[in-house]
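Coordinates as given in query-v3.csv (CSV, C-alpha atoms and all ligand atoms):
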chain,number,residue,atom,x,y,z
A,299,MET,CA,-2.0,-17.3,-13.6
A,300,TYR,CA,-3.9,-14.6,-15.5
A,301,GLU,CA,-2.2,-14.9,-18.9
A,302,ASN,CA,-5.0,-14.7,-21.5
A,303,PRO,CA,-4.2,-14.5,-25.2
A,304,ARG,CA,-8.0,-14.3,-25.9
A,305,LEU,CA,-8.2,-10.7,-24.6
A,306,ILE,CA,-7.8,-9.2,-28.0
A,307,LEU,CA,-10.2,-6.7,-29.6
A,308,ASP,CA,-11.9,-7.4,-32.9
A,309,SER,CA,-10.7,-4.7,-35.3
A,310,SER,CA,-13.9,-5.1,-37.4
A,311,ASN,CA,-15.9,-4.0,-34.3
A,312,PRO,CA,-13.7,-1.5,-32.4
A,313,PRO,CA,-14.8,-0.1,-29.0
A,314,GLU,CA,-15.8,3.5,-28.6
A,315,PRO,CA,-13.2,5.7,-26.8
A,316,GLY,CA,-13.8,5.9,-23.1
A,317,SER,CA,-12.3,6.6,-19.7
A,318,ILE,CA,-12.2,5.0,-16.3
A,319,THR,CA,-11.3,6.6,-13.0
A,320,TRP,CA,-10.4,5.1,-9.6
A,321,ARG,CA,-9.5,6.6,-6.3
A,322,SER,CA,-7.5,4.2,-4.2
A,323,PRO,CA,-6.0,4.6,-0.7
A,324,SER,CA,-2.7,3.8,0.9
A,325,ASN,CA,-2.4,1.2,3.6
A,326,ILE,CA,-0.3,0.8,6.8
A,327,ALA,CA,1.2,-2.5,7.5
A,328,LEU,CA,0.9,-3.8,11.1
A,329,ILE,CA,2.7,-7.1,10.3
A,330,LYS,CA,5.4,-6.0,7.8
A,331,TYR,CA,6.2,-7.4,4.4
A,332,TRP,CA,10.0,-7.3,4.3
A,333,GLY,CA,11.8,-9.8,2.1
A,334,LYS,CA,10.5,-11.2,-1.1
A,335,TYR,CA,11.3,-13.9,-3.7
A,336,GLY,CA,10.4,-14.8,-7.3
A,337,GLN,CA,8.1,-12.3,-9.0
A,338,GLN,CA,7.1,-10.1,-6.0
A,339,LEU,CA,6.1,-12.9,-3.7
A,340,PRO,CA,6.4,-12.3,0.0
A,341,GLN,CA,8.6,-14.3,2.4
A,342,ASN,CA,6.0,-13.9,5.1
A,343,PRO,CA,2.3,-13.0,5.4
A,344,SER,CA,1.6,-9.3,6.3
A,345,LEU,CA,-1.5,-7.5,7.6
A,346,SER,CA,-2.5,-3.9,7.1
A,347,LEU,CA,-5.2,-1.4,7.8
A,348,THR,CA,-6.6,0.3,4.7
A,349,LEU,CA,-6.4,4.1,5.0
A,350,ALA,CA,-8.8,6.8,3.8
A,351,SER,CA,-7.3,10.2,3.3
A,352,SER,CA,-3.9,9.3,1.7
A,353,CYS,CA,-5.0,8.3,-1.8
A,354,THR,CA,-4.3,8.4,-5.5
A,355,ASP,CA,-6.8,9.3,-8.2
A,356,THR,CA,-6.0,7.8,-11.6
A,357,MET,CA,-7.9,8.3,-14.8
A,358,LEU,CA,-7.2,5.9,-17.7
A,359,GLU,CA,-8.4,7.2,-21.1
A,360,TYR,CA,-8.4,4.8,-24.0
A,361,ALA,CA,-9.1,4.9,-27.8
A,362,PHE,CA,-8.8,2.1,-30.4
A,363,LYS,CA,-5.6,2.6,-32.6
A,364,GLU,CA,-7.2,2.9,-36.0
A,365,GLU,CA,-3.8,2.5,-37.7
A,366,GLY,CA,-3.5,-1.0,-36.2
A,367,ASP,CA,-1.4,-2.3,-33.3
A,368,ASN,CA,2.4,-1.9,-33.6
A,369,GLY,CA,3.0,-4.4,-30.7
A,370,LYS,CA,3.9,-1.5,-28.4
A,371,ILE,CA,2.2,0.3,-25.5
A,372,ASP,CA,1.2,3.8,-26.7
A,373,LEU,CA,1.0,5.9,-23.5
A,374,GLU,CA,0.8,9.6,-22.5
A,375,PHE,CA,1.3,10.2,-18.8
A,376,PHE,CA,0.5,13.2,-16.6
A,377,PHE,CA,1.1,13.6,-12.9
A,378,HIS,CA,-0.9,16.4,-11.4
A,379,ALA,CA,-1.6,17.6,-15.0
A,380,GLU,CA,2.1,17.8,-15.9
A,381,PRO,CA,4.0,15.4,-18.1
A,382,ASN,CA,6.4,13.4,-15.9
A,383,GLU,CA,9.1,11.4,-17.7
A,384,ALA,CA,10.3,9.3,-14.8
A,385,PHE,CA,6.7,8.1,-13.9
A,386,GLN,CA,5.9,7.7,-17.6
A,387,ALA,CA,8.9,5.4,-18.2
A,388,LYS,CA,8.1,3.3,-15.1
A,389,THR,CA,4.4,3.0,-16.0
A,390,GLN,CA,5.2,2.2,-19.6
A,391,ALA,CA,7.6,-0.6,-18.5
A,392,PHE,CA,5.0,-1.9,-16.1
A,393,LEU,CA,2.3,-2.0,-18.8
A,394,GLU,CA,4.6,-3.8,-21.2
A,395,SER,CA,5.3,-6.4,-18.6
A,396,LEU,CA,1.5,-6.9,-18.3
A,397,LEU,CA,1.0,-7.6,-22.1
A,398,PRO,CA,0.6,-11.4,-21.6
A,399,LEU,CA,-2.2,-10.6,-19.2
A,400,PHE,CA,-3.8,-7.7,-21.0
A,401,PRO,CA,-2.8,-8.2,-24.7
A,402,PHE,CA,-5.5,-5.6,-25.8
A,403,LEU,CA,-3.4,-2.8,-24.3
A,404,LYS,CA,-1.2,-2.7,-27.4
A,405,GLN,CA,-4.4,-2.1,-29.5
A,406,LEU,CA,-5.2,1.1,-27.7
A,407,LYS,CA,-3.9,4.6,-27.3
A,408,LEU,CA,-3.7,5.2,-23.5
A,409,THR,CA,-3.6,8.4,-21.5
A,410,ILE,CA,-3.1,8.3,-17.7
A,411,GLN,CA,-3.8,11.3,-15.5
A,412,THR,CA,-2.9,10.7,-11.9
A,413,GLY,CA,-2.4,12.6,-8.7
A,414,ASN,CA,-2.2,12.1,-5.0
A,415,SER,CA,-4.3,13.7,-2.2
A,416,PHE,CA,-1.1,14.4,-0.2
A,417,PRO,CA,1.9,16.5,-1.2
A,418,HIS,CA,4.2,14.4,-3.4
A,419,SER,CA,7.3,15.3,-1.4
A,420,ALA,CA,5.7,14.5,2.0
A,421,GLY,CA,7.6,11.3,2.3
A,422,ILE,CA,4.3,9.3,2.3
A,423,ALA,CA,4.7,6.2,0.2
A,424,SER,CA,2.5,6.6,-2.9
A,425,SER,CA,3.3,3.2,-4.5
A,426,ALA,CA,0.5,1.4,-2.7
A,427,SER,CA,-2.2,3.9,-3.6
A,428,GLY,CA,-0.7,4.6,-7.1
A,429,MET,CA,-0.3,1.0,-8.1
A,430,SER,CA,-3.6,-0.2,-6.7
A,431,ALA,CA,-5.4,2.7,-8.5
A,432,LEU,CA,-3.7,1.7,-11.8
A,433,ALA,CA,-4.5,-2.0,-11.3
A,434,LEU,CA,-8.2,-1.2,-10.7
A,435,CYS,CA,-8.3,0.9,-13.8
A,436,LEU,CA,-6.8,-1.9,-15.9
A,437,CYS,CA,-9.3,-4.5,-14.5
A,438,SER,CA,-12.2,-2.1,-15.1
A,439,LEU,CA,-11.0,-1.6,-18.7
A,440,GLU,CA,-10.8,-5.4,-19.2
A,441,ASP,CA,-14.3,-5.7,-17.9
A,442,ALA,CA,-15.6,-2.8,-20.0
A,443,LEU,CA,-14.1,-4.3,-23.2
A,444,PHE,CA,-14.7,-8.0,-22.6
A,445,GLY,CA,-17.2,-8.4,-19.7
A,446,THR,CA,-14.8,-10.9,-18.1
A,447,LEU,CA,-14.7,-9.6,-14.5
A,448,GLN,CA,-18.4,-9.3,-13.6
A,449,ASP,CA,-18.0,-11.2,-10.3
A,450,ALA,CA,-16.9,-8.7,-7.6
A,451,GLY,CA,-14.7,-11.3,-5.8
A,452,ALA,CA,-12.9,-12.2,-9.0
A,453,PHE,CA,-12.5,-8.6,-9.9
A,454,ASP,CA,-10.9,-7.7,-6.6
A,455,ARG,CA,-8.6,-10.7,-6.7
A,456,LYS,CA,-7.3,-9.9,-10.1
A,457,ALA,CA,-6.9,-6.2,-9.2
A,458,SER,CA,-5.0,-7.2,-6.1
A,459,TYR,CA,-2.8,-9.6,-8.1
A,460,ILE,CA,-2.0,-6.9,-10.7
A,461,ALA,CA,-1.3,-4.3,-8.0
A,462,ARG,CA,1.1,-6.7,-6.3
A,463,LEU,CA,3.2,-7.0,-9.5
A,464,GLY,CA,3.5,-3.2,-9.4
A,465,SER,CA,4.4,-2.9,-5.7
A,466,GLY,CA,3.9,-5.7,-3.2
A,467,SER,CA,2.2,-3.7,-0.5
A,468,ALA,CA,-0.2,-2.3,-3.1
A,469,CYS,CA,-2.2,-5.6,-3.3
A,470,ARG,CA,-3.5,-4.9,0.3
A,471,SER,CA,-5.1,-1.5,-0.7
A,472,ILE,CA,-7.8,-3.1,-2.8
A,473,PHE,CA,-9.9,-4.1,0.3
A,474,SER,CA,-11.8,-2.1,2.9
A,475,HIS,CA,-10.6,-1.8,6.6
A,476,ALA,CA,-8.0,-4.6,6.8
A,477,ALA,CA,-6.3,-7.1,4.5
A,478,VAL,CA,-3.8,-10.0,4.7
A,479,TRP,CA,-1.4,-10.8,2.0
A,480,GLY,CA,0.6,-14.1,2.0
A,481,GLU,CA,-0.4,-17.7,2.5
A,482,THR,CA,-1.2,-18.6,6.1
A,483,PRO,CA,-3.3,-21.3,7.6
A,484,LEU,CA,-4.8,-18.6,9.8
A,485,VAL,CA,-6.8,-16.9,7.0
A,486,ALA,CA,-9.0,-19.0,4.7
A,487,GLY,CA,-8.3,-18.3,1.0
A,488,SER,CA,-5.0,-16.4,1.7
A,489,SER,CA,-2.4,-16.4,-1.0
A,490,ASN,CA,1.1,-15.2,-1.8
A,491,GLU,CA,-0.3,-13.9,-5.2
A,492,PHE,CA,-3.0,-11.5,-3.9
A,493,ALA,CA,-4.4,-10.1,-0.7
A,494,VAL,CA,-7.7,-11.1,1.0
A,495,PRO,CA,-10.0,-8.9,3.1
A,496,VAL,CA,-10.1,-9.6,6.9
A,497,GLY,CA,-12.0,-6.5,8.0
A,498,ASP,CA,-15.0,-8.6,8.9
A,499,GLN,CA,-12.9,-10.9,11.1
A,500,VAL,CA,-11.7,-8.1,13.5
A,501,HIS,CA,-13.4,-6.1,16.2
A,502,GLU,CA,-15.7,-3.2,15.2
A,503,MET,CA,-13.3,-0.7,16.9
A,504,PHE,CA,-10.8,-1.1,14.0
A,505,LYS,CA,-13.4,0.4,11.6
A,506,ASP,CA,-13.1,3.6,13.6
A,507,PHE,CA,-9.4,3.7,14.0
A,508,HIS,CA,-6.9,6.6,13.3
A,509,ASP,CA,-3.5,6.7,11.8
A,510,ASP,CA,-2.0,10.2,12.0
A,511,ILE,CA,1.2,10.3,10.0
A,512,LEU,CA,3.9,12.4,11.6
A,513,ILE,CA,6.2,13.6,8.8
A,514,VAL,CA,9.7,13.7,10.3
A,515,SER,CA,11.5,14.2,7.0
A,516,GLN,CA,10.4,14.7,3.4
A,517,ASP,CA,13.9,13.8,2.0
A,518,GLU,CA,14.2,11.0,-0.5
A,519,LYS,CA,15.1,7.7,1.3
A,520,THR,CA,18.8,6.7,1.2
A,521,VAL,CA,17.8,3.1,0.5
A,522,SER,CA,14.6,2.3,-1.4
A,523,SER,CA,12.2,-0.4,-0.3
A,524,ARG,CA,13.2,-2.5,-3.4
A,525,ASP,CA,16.8,-2.5,-2.2
A,526,GLY,CA,15.8,-3.0,1.4
A,527,HIS,CA,13.9,-6.2,0.5
A,528,ALA,CA,16.9,-7.4,-1.5
A,529,LEU,CA,19.2,-7.0,1.5
A,530,MET,CA,17.0,-9.4,3.4
A,531,ASP,CA,18.5,-12.2,1.2
A,532,GLY,CA,21.8,-11.9,2.9
A,533,ASN,CA,20.5,-11.0,6.4
A,534,PRO,CA,21.6,-13.6,9.0
A,535,TYR,CA,18.3,-13.1,10.9
A,536,ALA,CA,16.1,-13.5,7.8
A,537,GLU,CA,14.7,-17.0,8.6
A,538,ALA,CA,14.1,-16.2,12.2
A,539,ARG,CA,12.4,-13.0,11.2
A,540,TYR,CA,10.0,-14.8,8.7
A,541,ALA,CA,9.0,-17.3,11.4
A,542,GLN,CA,8.5,-14.4,13.9
A,543,ALA,CA,6.2,-12.6,11.5
A,544,ARG,CA,4.0,-15.8,11.1
A,545,GLN,CA,3.8,-16.2,14.9
A,546,ARG,CA,3.0,-12.5,15.4
A,547,LEU,CA,0.3,-12.5,12.7
A,548,GLY,CA,-1.5,-15.2,14.7
A,549,ALA,CA,-1.2,-13.3,17.9
A,550,LEU,CA,-2.2,-10.0,16.3
A,551,LEU,CA,-5.3,-11.5,14.6
A,552,ASP,CA,-6.4,-12.9,18.0
A,553,ALA,CA,-6.0,-9.5,19.6
A,554,MET,CA,-7.8,-7.8,16.8
A,555,ARG,CA,-10.7,-10.3,16.9
A,556,THR,CA,-11.2,-9.7,20.6
A,557,GLY,CA,-10.4,-6.0,20.6
A,558,ASP,CA,-7.4,-6.5,23.0
A,559,LEU,CA,-5.7,-3.1,22.4
A,560,ALA,CA,-2.8,-3.6,24.8
A,561,THR,CA,-1.7,-6.8,23.0
A,562,PHE,CA,-2.4,-5.2,19.6
A,563,GLY,CA,-0.2,-2.2,20.5
A,564,LYS,CA,2.7,-4.3,21.8
A,565,ILE,CA,2.8,-6.5,18.7
A,566,VAL,CA,2.5,-3.5,16.3
A,567,GLU,CA,5.3,-1.6,18.0
A,568,ASP,CA,7.5,-4.7,18.1
A,569,GLU,CA,7.0,-5.1,14.4
A,570,ALA,CA,8.0,-1.5,13.6
A,571,MET,CA,11.2,-1.8,15.7
A,572,THR,CA,12.0,-5.2,14.1
A,573,LEU,CA,11.7,-3.7,10.6
A,574,HIS,CA,14.2,-1.0,11.5
A,575,ALA,CA,16.5,-3.4,13.4
A,576,LEU,CA,16.6,-5.6,10.2
A,577,MET,CA,17.8,-2.5,8.3
A,578,MET,CA,20.5,-1.8,10.9
A,579,CYS,CA,21.8,-5.4,10.7
A,580,SER,CA,21.7,-5.6,6.9
A,581,ASN,CA,25.0,-5.7,5.0
A,582,PRO,CA,25.6,-2.8,4.3
A,583,SER,CA,23.9,-1.5,7.4
A,584,TYR,CA,21.6,1.5,7.2
A,585,THR,CA,19.2,3.6,9.3
A,586,LEU,CA,16.1,5.4,8.1
A,587,MET,CA,15.0,6.7,11.5
A,588,ARG,CA,16.1,10.2,12.2
A,589,PRO,CA,16.8,11.8,15.6
A,590,ASN,CA,13.2,13.2,15.7
A,591,THR,CA,11.8,9.7,14.9
A,592,LEU,CA,13.3,8.5,18.2
A,593,ALA,CA,12.2,11.6,20.0
A,594,ILE,CA,8.6,11.0,18.9
A,595,LEU,CA,8.7,7.4,19.9
A,596,GLU,CA,9.8,8.4,23.4
A,597,LYS,CA,7.0,11.0,23.7
A,598,ILE,CA,4.4,8.4,22.7
A,599,ARG,CA,5.7,6.0,25.3
A,600,ALA,CA,5.7,8.7,28.0
A,601,TYR,CA,2.2,9.9,27.0
A,602,ARG,CA,0.8,6.4,27.2
A,603,ALA,CA,2.4,5.8,30.6
A,604,GLU,CA,1.0,9.0,31.9
A,605,THR,CA,-2.6,8.8,30.5
A,606,SER,CA,-3.1,5.1,29.9
A,607,HIS,CA,-4.6,6.0,26.5
A,608,PRO,CA,-4.2,3.2,23.9
A,609,VAL,CA,-1.9,5.2,21.6
A,610,TYR,CA,0.7,3.2,19.6
A,611,PHE,CA,3.2,3.8,16.9
A,612,THR,CA,4.3,2.0,13.8
A,613,MET,CA,6.7,3.0,11.0
A,614,ASP,CA,7.1,1.9,7.4
A,615,ALA,CA,10.5,1.9,5.6
A,616,GLY,CA,11.2,5.6,6.3
A,617,PRO,CA,11.6,8.1,9.1
A,618,ASN,CA,8.0,9.0,9.6
A,619,VAL,CA,5.9,7.8,12.5
A,620,HIS,CA,2.3,6.5,12.2
A,621,LEU,CA,0.3,7.2,15.4
A,622,LEU,CA,-2.5,4.6,15.8
A,623,TYR,CA,-5.4,5.0,18.1
A,624,PRO,CA,-9.2,4.3,18.4
A,625,GLY,CA,-11.7,7.0,17.4
A,626,ASP,CA,-13.1,7.5,20.9
A,627,ILE,CA,-9.9,9.4,22.0
A,628,VAL,CA,-9.4,11.5,18.9
A,629,HIS,CA,-9.7,14.8,20.7
A,630,GLU,CA,-7.2,14.0,23.4
A,631,VAL,CA,-4.7,12.6,20.9
A,632,ARG,CA,-5.0,15.5,18.5
A,633,ALA,CA,-4.2,17.9,21.4
A,634,PHE,CA,-1.2,15.8,22.3
A,635,ILE,CA,0.0,16.0,18.7
A,636,GLU,CA,-0.5,19.7,18.6
A,637,ASP,CA,1.3,20.3,22.0
A,638,GLU,CA,4.1,17.9,21.8
A,639,LEU,CA,4.6,16.1,18.5
A,640,LYS,CA,4.1,18.8,15.8
A,641,GLU,CA,7.3,20.6,16.8
A,642,LEU,CA,9.2,17.4,15.9
A,643,CYS,CA,7.8,17.2,12.4
A,644,GLU,CA,9.3,18.8,9.4
A,645,ASP,CA,7.4,22.1,8.8
A,646,GLY,CA,5.0,20.9,11.5
A,647,TYR,CA,3.4,18.5,8.9
A,648,VAL,CA,1.0,15.8,10.0
A,649,GLN,CA,-1.2,13.9,7.6
A,650,GLN,CA,-4.4,12.9,9.4
A,651,ASP,CA,-5.7,9.6,8.3
A,652,TRP,CA,-8.0,6.8,9.4
A,653,VAL,CA,-9.3,3.4,8.5
A,654,GLY,CA,-11.4,3.5,5.3
A,655,GLU,CA,-13.8,1.7,3.0
A,656,GLY,CA,-11.2,1.0,0.3
A,657,PRO,CA,-11.1,2.1,-3.3
A,658,GLU,CA,-14.0,3.7,-5.2
A,659,GLU,CA,-14.7,4.1,-8.8
A,660,LEU,CA,-15.4,7.8,-9.6
B,1,LIG,C1,8.0,-1.5,5.0
B,1,LIG,O1,5.6,-2.7,-1.2
B,1,LIG,O2,7.1,-0.7,-1.2
B,1,LIG,O3,6.1,-0.7,3.9
B,1,LIG,O4,7.2,-4.7,-3.4
B,1,LIG,O5,9.4,-3.6,-3.7
B,1,LIG,O6,7.3,-2.3,-4.2
B,1,LIG,P1,8.0,-3.4,-3.4
B,1,LIG,O7,8.0,-2.9,-1.9
B,1,LIG,P2,6.9,-2.2,-1.0
B,1,LIG,O8,7.4,-2.5,0.5
B,1,LIG,C2,6.7,-2.1,1.6
B,1,LIG,C3,7.5,-2.4,2.8
B,1,LIG,C4,6.9,-1.9,4.1
B,1,LIG,C5,6.1,-2.9,4.8
B,1,LIG,C6,4.7,-3.2,4.3
B,1,LIG,O9,4.0,-2.4,3.7
B,1,LIG,O10,4.3,-4.4,4.5

In structure tokens, write the structure found in this file.
Ligand code: DP6
Amino acid sequence: MYENPRLILDSSNPPEPGSITWRSPSNIALIKYWGKYGQQLPQNPSLSLTLASSCTDTMLEYAFKEEGDNGKIDLEFFFHAEPNEAFQAKTQAFLESLLPLFPFLKQLKLTIQTGNSFPHSAGIASSASGMSALALCLCSLEDALFGTLQDAGAFDRKASYIARLGSGSACRSIFSHAAVWGETPLVAGSSNEFAVPVGDQVHEMFKDFHDDILIVSQDEKTVSSRDGHALMDGNPYAEARYAQARQRLGALLDAMRTGDLATFGKIVEDEAMTLHALMMCSNPSYTLMRPNTLAILEKIRAYRAETSHPVYFTMDAGPNVHLLYPGDIVHEVRAFIEDELKELCEDGYVQQDWVGEGPEEL
């Protein structure tokens, strides 16, 4: 869709060296993307809240290759100021796969400096923030060199499309507050190829919403998201699951429009449990929840029953629990975390996060 052989630099008029930096956040899915086909296309639409404090800063430096292009990506890569071979190889392969879309990349020497606002080992997925930051840098670079992405909507759509090719869930991080990725008659302009913003279609309270991430384990996952998605292909419940996600998206959007927190919470928790149930009934079966994950879920349910506070959980493909609640009860909930949940977290680690304004160019 974005292949463009005309994006080639004129060697008689080479650009000055320069750099571009973006800060991009993670996001938490409320309706989960789980199962894909083709080139990173989702089997069902998903909806997420865009976070604020869990983010990646990426600086892309570029200089014209005076010696001429050798058809290859010329990349130096630093993670928290250190060379990192694994990330370098992954990024190099990703940029090579993007050459039909950004052919000028092979005419440049590139240096990427990247780092996360959260500890790398914390078990917080960094692919959404990392891939969205990189996609934004690439689109800004295209615009700086060719002036082709002046329209803000066109820029965001392309950045979301490129982010999706890097990691599906990353395409939702481009937008402030909330985003939907995947074609659905419920959201005008929605697409399987990129996400669209829905922050202006939901109740104001979701702009002041918290997501405190309770880190149960920092160990590497036993089954990656990539492998987990692939296992959906043989899952006997797959088709029923995709239909359920579509139905839940409609119900969740209604609840978010009206600010019906009880319905919101019920759907969000059902989605988290469904995601993990799908893992348990994959072949081979696996579990990513740990004993303390379940202990935390029980504590949250008990606290809600006792206080009637609208505090809900979700989980991504890992053992950690995301605690979701509106801003007006932040003091009560932080005390609950301190008193009852911290002791169930590895090293007592909790990453405080909240709904944010989306990426920013630095
Ligand atoms: C459970 O986006 O990490 O967090 O497309 O293979 O990179 P790839 O997968 P990824 O999957 C995320 C799965 C999820 C749900 C979600 O974010 O919607």

**Item:** Surrounding residues of Val609 in chain A excluding itself and chain neighbours under 6 positions, 7 Å, all atoms listed in the file, as an MDAnalysis selection string
**Value:** chainID A and resid 602 621:623

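In this comparison, which uses all atoms listed in the file, the residue of A:Arg546, A:His378, A:Lys334, A:Lys388 approaching Asp568 in chain A most closely is A:Arg546.
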
**Item:** Distance filter 7 Å around ligand LIG 1 (chain B), atoms: all atoms listed in the file, out as a ChimeraX atom specification
**Value:** /A:326-327,329-332,338,344,425-426,464-468,523-524,527,614-615

**Met503 in chain A environment, 8 Å, all atoms listed in the file, sequence neighbours closer than 2 positions dropped, as JSON, numbers by chain** = {"A": [501, 505, 506, 507, 557, 624, 625]}

**Message:** Using all atoms listed in the file for the distances, tell me which of A:Ala493, A:Val514, A:Val631, A:Ala575 is nearest to Arg539 in chain A.
**Reply:** A:Ala575

**Selected residue, from A:Ser346, A:Met429, A:Ala538, A:Leu358, that lies nearest to Leu550 in chain A when counting all atoms listed in the file** = A:Ser346

**Asked** What is the distance between CA of Arg588 in chain A and CA of Ala560 in chain A, in Å to one decimal?
**Response** 26.6 Å

**Item:** Selection: 8 Å around Val653 in chain A, only C-alpha atoms, excl. self and same-chain fewer than 5 positions, as a list in words
**Value:** Leu347, Thr348, Leu349, Ala350, His475, Phe504, Lys505, Asp506, Phe507, His508 and Asp509 of chain A

**Nearby residues (only C-alpha atoms) at most 10 Å from range 299-309 of chain A, same-chain spacing under 4 positions excluded, as a list of chain:residue names** =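 Near range 299-309 of chain A, the qualifying residues are A:Pro313, A:Phe362, A:Lys363, A:Glu364, A:Gly366, A:Asp367, A:Leu396, A:Leu397, A:Pro398, A:Leu399, A:Phe400, A:Pro401, A:Phe402, A:Leu403, A:Lys404, A:Gln405, A:Leu406, A:Glu440, A:Leu443, A:Phe444, A:Thr446, A:Lys456, A:Tyr459, A:Ile460, A:Glu491.
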
**Request:** Go through A:Pro343, A:Pro608, A:Pro657, A:Pro582 one by one, measure the shortest atom-to-atom distance of each to Trp479 in chain A using all atoms listed in the file, and give the residue with the smallest value.
**Result:**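 Nearest candidate to Trp479 in chain A out of A:Pro343, A:Pro608, A:Pro657, A:Pro582: A:Pro343.
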
**Asked** Please, what distance in Å, to one decimal, runs between CA of Trp320 in chain A and CA of Asn414 in chain A?
**Response** 11.7 Å

**Request:** Using only C-alpha atoms, find the one residue out of A:Ala379, A:Pro589, A:Asp531, A:Ala431 that sits nearest to Arg321 in chain A.
**Result:**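 For Arg321 in chain A, the nearest of the candidates is A:Ala431.
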
**Item:** All residues 12 Å or closer to Asp498 in chain A, all atoms listed in the file, same chain fewer than 3 positions away omitted, as an MDAnalysis selection string
**Value:** chainID A and resid 473:477 485 494:495 501:505 551 554:555 655

**Asked** At what distance in Å, to one decimal, does CA of Ser424 in chain A lie from CA of Leu408 in chain A?
**Response** 21.6 Å

**Request:** Identify the residues around (-8.8, -8.7, -9.7) within a radius of 10 Å, measuring from all atoms listed in the file in the coordinates stated by the file, and give them as a list in words.
**Result:**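 Residues satisfying the cut-off, written out: Tyr300, Ala433, Leu434, Leu436, Cys437, Ser438, Leu447, Asp449, Ala450, Gly451, Ala452, Phe453, Asp454, Arg455, Lys456, Ala457, Ser458, Tyr459, Ile460, Ala461, Cys469, Ile472 and Phe492 of chain A.
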
Have range 646-650 of chain A completed to all heavy atoms, please, and pass it along as a PDB file, in the frame of the given file.
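This went into out-v8.pdb:
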ATOM      1  N   GLY A 646       6.165  21.109  10.648  1.00  0.00           N
ATOM      2  CA  GLY A 646       5.000  20.900  11.500  1.00  0.00           C
ATOM      3  C   GLY A 646       3.918  20.009  10.744  1.00  0.00           C
ATOM      4  O   GLY A 646       2.737  20.040  11.096  1.00  0.00           O
ATOM      5  N   TYR A 647       4.368  19.218   9.735  1.00  0.00           N
ATOM      6  CA  TYR A 647       3.400  18.500   8.900  1.00  0.00           C
ATOM      7  C   TYR A 647       2.917  17.198   9.444  1.00  0.00           C
ATOM      8  O   TYR A 647       3.710  16.308   9.716  1.00  0.00           O
ATOM      9  CB  TYR A 647       3.965  18.374   7.473  1.00  0.00           C
ATOM     10  CG  TYR A 647       2.967  17.822   6.499  1.00  0.00           C
ATOM     11  CD1 TYR A 647       1.768  18.507   6.250  1.00  0.00           C
ATOM     12  CD2 TYR A 647       3.177  16.624   5.862  1.00  0.00           C
ATOM     13  CE1 TYR A 647       0.828  17.988   5.390  1.00  0.00           C
ATOM     14  CE2 TYR A 647       2.234  16.097   4.987  1.00  0.00           C
ATOM     15  CZ  TYR A 647       1.064  16.788   4.757  1.00  0.00           C
ATOM     16  OH  TYR A 647       0.132  16.259   3.909  1.00  0.00           O
ATOM     17  N   VAL A 648       1.606  17.095   9.601  1.00  0.00           N
ATOM     18  CA  VAL A 648       1.000  15.800  10.000  1.00  0.00           C
ATOM     19  C   VAL A 648      -0.145  15.519   9.063  1.00  0.00           C
ATOM     20  O   VAL A 648      -1.007  16.373   8.814  1.00  0.00           O
ATOM     21  CB  VAL A 648       0.398  15.969  11.468  1.00  0.00           C
ATOM     22  CG1 VAL A 648      -0.303  14.671  11.882  1.00  0.00           C
ATOM     23  CG2 VAL A 648       1.483  16.345  12.469  1.00  0.00           C
ATOM     24  N   GLN A 649      -0.134  14.327   8.485  1.00  0.00           N
ATOM     25  CA  GLN A 649      -1.200  13.900   7.600  1.00  0.00           C
ATOM     26  C   GLN A 649      -2.209  13.097   8.405  1.00  0.00           C
ATOM     27  O   GLN A 649      -1.892  11.994   8.856  1.00  0.00           O
ATOM     28  CB  GLN A 649      -0.635  13.101   6.422  1.00  0.00           C
ATOM     29  CG  GLN A 649      -1.651  12.358   5.577  1.00  0.00           C
ATOM     30  CD  GLN A 649      -2.228  13.186   4.437  1.00  0.00           C
ATOM     31  OE1 GLN A 649      -1.804  14.320   4.194  1.00  0.00           O
ATOM     32  NE2 GLN A 649      -3.206  12.643   3.748  1.00  0.00           N
ATOM     33  N   GLN A 650      -3.393  13.666   8.638  1.00  0.00           N
ATOM     34  CA  GLN A 650      -4.400  12.900   9.400  1.00  0.00           C
ATOM     35  C   GLN A 650      -5.046  11.876   8.541  1.00  0.00           C
ATOM     36  O   GLN A 650      -5.513  12.174   7.454  1.00  0.00           O
ATOM     37  CB  GLN A 650      -5.472  13.897   9.917  1.00  0.00           C
ATOM     38  CG  GLN A 650      -4.904  14.910  10.892  1.00  0.00           C
ATOM     39  CD  GLN A 650      -5.963  15.834  11.448  1.00  0.00           C
ATOM     40  OE1 GLN A 650      -7.064  15.941  10.922  1.00  0.00           O
ATOM     41  NE2 GLN A 650      -5.613  16.522  12.519  1.00  0.00           N
TER      42      GLN A 650
END
